[in-house]
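Engineer: There's a structure below that I have some questions on.
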Amino acid sequence: MQLRYLVIEGNIGAGKTSLCNKIAQKRNAKLILEQFADNPFLPKFYKNPDRYSFPLELSFLADRYNQLKKNLDNFDLFSELVIADYFFMKSLIFSSSTLQQDEYRLYRQLFDIIYSSLPKPDLYVYLHKSVDNLISNIKLRGREYEQNISFEYLKSIENGYFTFFKQQKDLKILIIDTNNVDFVNNDEDYRMLVNTIFHEDYDKGINRIVF
């Protein structure tokens with residue numbers, strides 16, 4: 001199968017955006033990156049999650065939908081490659097970890113209304129890293145508002161992703177263990193990872209699970 005619409009995701013600090021940028025540049029692909037840096041609720045959420053989780057998740061829901069709708073509606077998925085560093089289902093994964101039950105029920109109703117109108121990727125790739133390695137990456141990249149992210153929060157997000165994977169029946173999912181892979185600084189690791197994703201040459205140096 002030739003990939004036309006590829007999604008690469010992972011937990012916070014997994015390196016998904018770095019990998020998307022690198023692949024898109026080398027393959028001349030259209031790149032869709034989640035816009036979060038200017039979200040006014042994000043720094044507030046990390047300081048006071050109980051108060052700001054609902055407006056944060058609603059703002060992300062609206063932003064993700066608008067961005068994907070704008071970029072995918074008029075894009076020729078049959079002749080070009082598009083790469084995104086998030087899938088719309090991410091909204092449910094994160095909100096299930098941050099929202100109270102009554103908030104989540106309302107949020108889920110809004111999500112279900114708009115989810116069916118978006119195209120599904122040909123392949124969904126999840127970059128798996130241990131929570132300890134995620135925390136190391138988060139500290140290394142130095143975003144001030146991320147420095148207090150807890151082990152427990154990252155673990156809950158990880159659990160949310162794996163629960164999501166088990167529930168999927170119509171989405172091709174590739175999980176890649178990147179704990180011992182440095183695709184940013186090591187060209188050999190990058191080639192192995194890309195070959196695994198695009199089925200060009202499966203290499204035993206990459207641990208993978210296909211759903």
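Going by the structure tokens order, chains are called A, B, ..., each with residues numbered from 1, while ligands are numbered from 1 in the order shown.
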Considering only C-alpha atoms, return as an MDAnalysis selection string whatever protein or nucleic-acid residues lie within 10 Å of A:Lys16, sequence-local ones (same chain, fewer than 2 positions apart) excluded.

Structural biologist: chainID A and resid 7:14 18:21 33 84:86 125:128

Engineer: With N, CA and C atoms kept, could you save the residues just selected as a compact mmCIF listing (two decimals), in the first residue's frame?

Structural biologist:
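File produced: result.txt:
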```txt
# COMPACT_ATOMS: atom_id res chain seq x y z
N VAL A 7 -0.03 9.61 9.71
CA VAL A 7 -0.06 10.28 11.01
C VAL A 7 1.01 9.66 11.89
N ILE A 8 1.81 10.52 12.53
CA ILE A 8 2.82 10.06 13.48
C ILE A 8 2.54 10.72 14.82
N GLU A 9 2.27 9.90 15.82
CA GLU A 9 1.95 10.43 17.13
C GLU A 9 2.84 9.79 18.19
N GLY A 10 2.66 10.23 19.42
CA GLY A 10 3.37 9.72 20.56
C GLY A 10 3.02 10.57 21.76
N ASN A 11 3.46 10.14 22.90
CA ASN A 11 3.21 10.89 24.13
C ASN A 11 4.00 12.20 24.10
N ILE A 12 3.78 13.06 25.07
CA ILE A 12 4.50 14.33 25.15
C ILE A 12 5.99 14.05 25.29
N GLY A 13 6.79 14.59 24.38
CA GLY A 13 8.24 14.39 24.44
C GLY A 13 8.74 13.19 23.67
N ALA A 14 7.88 12.54 22.88
CA ALA A 14 8.30 11.34 22.14
C ALA A 14 9.09 11.67 20.88
N SER A 18 9.48 16.27 15.53
CA SER A 18 10.82 16.23 14.92
C SER A 18 10.87 15.23 13.78
N LEU A 19 10.28 14.06 13.98
CA LEU A 19 10.29 13.05 12.92
C LEU A 19 9.44 13.48 11.74
N CYS A 20 8.27 14.06 11.99
CA CYS A 20 7.42 14.54 10.90
C CYS A 20 8.14 15.60 10.07
N ASN A 21 8.78 16.53 10.74
CA ASN A 21 9.52 17.57 10.03
C ASN A 21 10.60 16.97 9.14
N LEU A 33 1.26 20.32 11.30
CA LEU A 33 1.74 20.27 12.68
C LEU A 33 0.72 20.90 13.60
N ALA A 84 1.00 14.29 9.23
CA ALA A 84 0.52 15.07 10.37
C ALA A 84 1.11 14.51 11.66
N ASP A 85 1.37 15.40 12.62
CA ASP A 85 1.92 14.94 13.89
C ASP A 85 0.83 14.74 14.94
N TYR A 86 -0.41 14.63 14.49
CA TYR A 86 -1.49 14.27 15.40
C TYR A 86 -2.68 13.73 14.60
N VAL A 125 1.13 5.86 13.03
CA VAL A 125 2.35 5.42 13.69
C VAL A 125 2.42 6.02 15.09
N TYR A 126 2.69 5.17 16.06
CA TYR A 126 2.85 5.63 17.45
C TYR A 126 4.28 5.38 17.88
N LEU A 127 4.98 6.45 18.27
CA LEU A 127 6.36 6.35 18.75
C LEU A 127 6.31 6.14 20.27
N HIS A 128 6.71 4.96 20.69
CA HIS A 128 6.64 4.64 22.12
C HIS A 128 7.97 4.90 22.81
```

Engineer: So that I can check the surroundings of A:Lys47, please list as a list in words every protein, DNA and RNA residue that reaches within 12 Å of it, counting only C-alpha atoms and ignoring chain neighbours fewer than 4 positions away.

Structural biologist: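 What passes the distance filter is Phe41, Leu42, Pro43, Arg51, Tyr52, Ser53, Glu144, Tyr145, Glu146, Gln147, Asn148, Ile149 and Ser150 of chain A.
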
Engineer: With only C-alpha atoms as the basis for distance, which of A:Ile93, A:Leu123, A:Ile114, A:Ile138 is at the shortest distance from A:Leu174?

Structural biologist: A:Leu123

Engineer: Skip stretch 117-119 of chain A itself and residues of its chain fewer than 5 positions away, then list as an MDAnalysis selection string all residues within 9 Å of it, counting only C-alpha atoms.

Structural biologist: chainID A and resid 65 68:69 72:73 88

Engineer: Pull C-alpha atoms from the residues just selected and write them as a PDB file, in the first residue's frame.

Structural biologist:
```
ATOM      1  CA  TYR A  65     -10.759  20.230  13.629  1.00  0.00           C
ATOM      2  CA  LEU A  68      -7.360  19.333   9.618  1.00  0.00           C
ATOM      3  CA  LYS A  69     -10.515  20.344   7.759  1.00  0.00           C
ATOM      4  CA  LEU A  72      -7.309  17.950   4.055  1.00  0.00           C
ATOM      5  CA  ASP A  73     -10.480  19.079   2.308  1.00  0.00           C
ATOM      6  CA  PHE A  88      -8.069  13.943  15.678  1.00  0.00           C
TER       7      PHE A  88
END
```

Engineer: Which residues in stretch 4-210 of chain A does DSSP call alpha helix (DSSP H)? List them as an NGL selection string.

Structural biologist: :A and (16-27 or 41-47 or 49-73 or 90-98 or 101-115 or 131-141 or 151-167 or 187-197)

Engineer: Show me, as an MDAnalysis selection string, the residues that have an atom within 9 Å of A:Asp132 when counting only C-alpha atoms, minus same-chain residues fewer than 4 positions from it.

Structural biologist: chainID A and resid 136:137 151

Engineer: With N, CA and C atoms retained, export the selected residues as a tab-separated table (two decimals), in the first residue's frame.

Structural biologist:
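So again09.tsv came out as:
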```tsv
chain	number	residue	atom	x	y	z
A	136	SER	N	12.93	13.00	30.45
A	136	SER	CA	14.27	13.49	30.08
A	136	SER	C	14.20	14.38	28.85
A	137	ASN	N	13.42	13.97	27.85
A	137	ASN	CA	13.28	14.78	26.64
A	137	ASN	C	12.59	16.11	26.93
A	151	PHE	N	5.03	12.35	36.29
A	151	PHE	CA	5.14	10.96	35.81
A	151	PHE	C	3.75	10.36	35.66
```

Engineer: Leaving out A:Gln168 and any residue of its chain fewer than 5 positions from it, which residues lie within 12 Å of it when counting only C-alpha atoms, given as a PyMOL selection string?

Structural biologist: chain A and resi 89+124+161-163+173+211

Engineer: As a PyMOL selection string, please: all residues of stretch 61-203 of chain A that backbone DSSP puts in strand (DSSP E).

Structural biologist: chain A and resi 82-84+123-128+173-177

Engineer: Compare A:Lys26, A:Ile113, A:Ile157, A:Val131 by their minimum atom-to-atom distance to A:Thr178, counting only C-alpha atoms, and give me the closest one.

Structural biologist: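 Checking each of A:Lys26, A:Ile113, A:Ile157, A:Val131 against A:Thr178, counting only C-alpha atoms, the winner is A:Val131.
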
Engineer: Just give me the gap between atom CA of A:Ile83 and atom CA of A:Lys30 in Å, one decimal is fine.

Structural biologist: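 It comes out at 6.2 Å.
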
Engineer: In Å to one decimal, how far is atom CA of A:Ile135 from atom CA of A:Val181?

Structural biologist: 16.0 Å

Engineer: Which is closer to A:Asp187 than all the others in A:Asp50, A:Arg4, A:Arg141, A:Lys22, using only C-alpha atoms?

Structural biologist: A:Lys22

Engineer: Would you work out the distance separating atom CA of A:Gln67 from atom CA of A:Val194, expressed in Å to one decimal?

Structural biologist: 25.4 Å

Engineer: Near A:Pro55, within 12 Å and counting only C-alpha atoms, which residues show up once chain neighbours fewer than 5 positions away are dropped, as a ChimeraX atom specification?

Structural biologist: /A:39-42,44-45,48-50,60-62,95,98-99,103-104,107

Engineer: Those same residues - N, CA and C atoms - I'd like them written as a tab-separated table (two decimals), in the first residue's frame.

Structural biologist:
```tsv
chain	number	residue	atom	x	y	z
A	39	ASN	N	-1.58	28.57	22.45
A	39	ASN	CA	-2.82	28.30	23.19
A	39	ASN	C	-2.73	28.94	24.57
A	40	PRO	N	-3.60	29.91	24.88
A	40	PRO	CA	-3.49	30.64	26.14
A	40	PRO	C	-3.82	29.79	27.36
A	41	PHE	N	-4.50	28.65	27.14
A	41	PHE	CA	-4.90	27.82	28.28
A	41	PHE	C	-3.84	26.81	28.70
A	42	LEU	N	-2.86	26.55	27.83
A	42	LEU	CA	-1.91	25.48	28.11
A	42	LEU	C	-1.03	25.77	29.32
A	44	LYS	N	-1.68	27.73	31.75
A	44	LYS	CA	-2.59	27.77	32.90
A	44	LYS	C	-2.98	26.36	33.33
A	45	PHE	N	-3.17	25.48	32.34
A	45	PHE	CA	-3.55	24.10	32.66
A	45	PHE	C	-2.47	23.40	33.47
A	48	ASN	N	-2.75	24.78	36.95
A	48	ASN	CA	-4.01	24.52	37.65
A	48	ASN	C	-4.91	23.66	36.76
A	49	PRO	N	-4.63	22.33	36.67
A	49	PRO	CA	-5.36	21.47	35.74
A	49	PRO	C	-6.86	21.35	36.05
A	50	ASP	N	-7.23	21.38	37.32
A	50	ASP	CA	-8.64	21.23	37.66
A	50	ASP	C	-9.48	22.38	37.08
A	60	PHE	N	-8.48	22.93	22.06
A	60	PHE	CA	-7.74	22.00	21.21
A	60	PHE	C	-8.66	21.29	20.23
A	61	LEU	N	-9.84	20.92	20.68
A	61	LEU	CA	-10.80	20.26	19.80
A	61	LEU	C	-11.12	21.16	18.60
A	62	ALA	N	-11.43	22.41	18.87
A	62	ALA	CA	-11.77	23.35	17.79
A	62	ALA	C	-10.57	23.60	16.88
A	95	SER	N	-8.40	14.14	26.69
A	95	SER	CA	-9.52	14.61	27.50
A	95	SER	C	-9.98	13.55	28.50
A	98	THR	N	-7.92	14.08	31.55
A	98	THR	CA	-7.91	15.38	32.22
A	98	THR	C	-9.28	15.84	32.71
A	99	LEU	N	-10.36	15.35	32.10
A	99	LEU	CA	-11.68	15.89	32.41
A	99	LEU	C	-12.41	15.05	33.45
A	103	GLU	N	-17.89	16.38	32.53
A	103	GLU	CA	-17.29	17.19	31.48
A	103	GLU	C	-16.96	16.32	30.26
A	104	TYR	N	-16.44	15.13	30.53
A	104	TYR	CA	-16.05	14.25	29.43
A	104	TYR	C	-17.26	13.80	28.61
A	107	TYR	N	-18.09	16.63	26.38
A	107	TYR	CA	-17.01	16.74	25.40
A	107	TYR	C	-17.14	15.65	24.33
```
